[in-house]
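Peer 1: Before I ask anything, let me first share the structure, which is written out below as structure tokens.
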Amino acid sequence: MVAPFDLKTIRQIDGVLHEPSRLCIAFALNMSEVLSFSELKALLGMTDGNLSVHLRTLEDKGYVATNRTTEAGKPRKLCRLSGHGRAAFKEYLAILDQILLAARVGANGGGASPPEGGGPRGGTVAKEA
């Protein structure tokens with residue numbers, strides 16, 4: 001059965017997570033319980049400043065929690081996804097799944113209907129249910 005896909009779903013994408021650098025950070029932290037700032041920097045190939053700015057944005061949104069520790073006399077910043085961050089990341093992926101499914105159905109001639117309302121701003125596209 002083919003059900004309609006509301007193109008407004010695309011607008012539900014979390015803009016904070018959708019930015020490529022922040023998406024990389026969220027993905028890395030979703031895969032690991034905790035990563036240090038240095039580990040994230042090396043893993044993602046980001047500069048200190050760039051990583052700091054994106055982490056601050058994720059912290060301000062409540063998606064990432066950080067704490068500072070000292071190991072062998074050296075300061076270390078530890079980063080992890082908060083519960084809110086994990087839920088937001090899961091929701092982000094669910095929305096992408098919906099979009100990808102609808103796009104695959106439409107690309108394969110799965111009965112996709114043209115957008116209603118004169119354009120993509122208010123239309124629906126069929127998706128597999």
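Quick note on naming: the chains in the structure tokens go A, B, ... in the order shown, residues restart at 1 in each chain, and ligands are numbered from 1 in order of appearance.
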Kindly assemble as JSON lines a list of the range 33-68 of chain A residues that lie within 9 Å of range 16-19 of chain A, each paired with its nearest atom pair and their distance in Å to one decimal, using only C-alpha atoms, sorted first by chain and then by ascending residue number.

Peer 2:
{"residue": "A:Thr57", "atom": "CA", "partner": "A:Val16", "partner_atom": "CA", "distance": 7.7}
{"residue": "A:Leu58", "atom": "CA", "partner": "A:Val16", "partner_atom": "CA", "distance": 7.4}
{"residue": "A:Lys61", "atom": "CA", "partner": "A:Val16", "partner_atom": "CA", "distance": 8.1}

Peer 1: Range 11-72 of chain A near range 95-103 of chain A within 10 Å: what's each residue's closest atom pair and its distance in Å to one decimal, counting only C-alpha atoms, ordered by chain then ascending residue number, as JSON lines?

Peer 2:
{"residue": "A:Arg11", "atom": "CA", "partner": "A:Ile95", "partner_atom": "CA", "distance": 9.7}
{"residue": "A:Gln12", "atom": "CA", "partner": "A:Ile95", "partner_atom": "CA", "distance": 7.6}
{"residue": "A:Ile13", "atom": "CA", "partner": "A:Ile95", "partner_atom": "CA", "distance": 6.7}
{"residue": "A:Asp14", "atom": "CA", "partner": "A:Ile95", "partner_atom": "CA", "distance": 9.3}

Peer 1: Take the residues just selected and output them with N, CA, C and O atoms as a tab-separated table (two decimals), in the first residue's frame.

Peer 2:
chain	number	residue	atom	x	y	z
A	11	ARG	N	11.11	19.78	6.63
A	11	ARG	CA	11.34	20.98	7.44
A	11	ARG	C	11.49	20.66	8.92
A	11	ARG	O	11.87	21.52	9.69
A	12	GLN	N	11.16	19.44	9.32
A	12	GLN	CA	11.30	19.03	10.71
A	12	GLN	C	12.73	18.63	11.05
A	12	GLN	O	13.04	18.36	12.21
A	13	ILE	N	13.60	18.57	10.05
A	13	ILE	CA	14.99	18.22	10.31
A	13	ILE	C	15.59	19.23	11.27
A	13	ILE	O	15.45	20.43	11.09
A	14	ASP	N	16.25	18.73	12.28
A	14	ASP	CA	16.90	19.57	13.28
A	14	ASP	C	18.10	20.27	12.64
A	14	ASP	O	19.10	19.64	12.30

Peer 1: Just how far from CA of Tyr92 in chain A is CA of Asn108 in chain A, in Å to one decimal?

Peer 2: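 The value is 24.4 Å.
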
Peer 1: For Val105 in chain A, which of A:Ser82, A:Glu59, A:Pro4, A:Leu29 is the closest residue, counting only C-alpha atoms?

Peer 2: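 Answer, going by the shortest atom-to-atom distance: A:Pro4.
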
Peer 1: Can you check which residues of chain A DSSP gives as alpha helix (DSSP H) on the backbone and send them as a PyMOL selection string?

Peer 2: chain A and resi 15-18+20-31+37-44+48-60+83-107

Peer 1: Rounded to one decimal in Å, what is the spacing between CA of Val34 in chain A and CA of Leu78 in chain A?

Peer 2: 6.6 Å
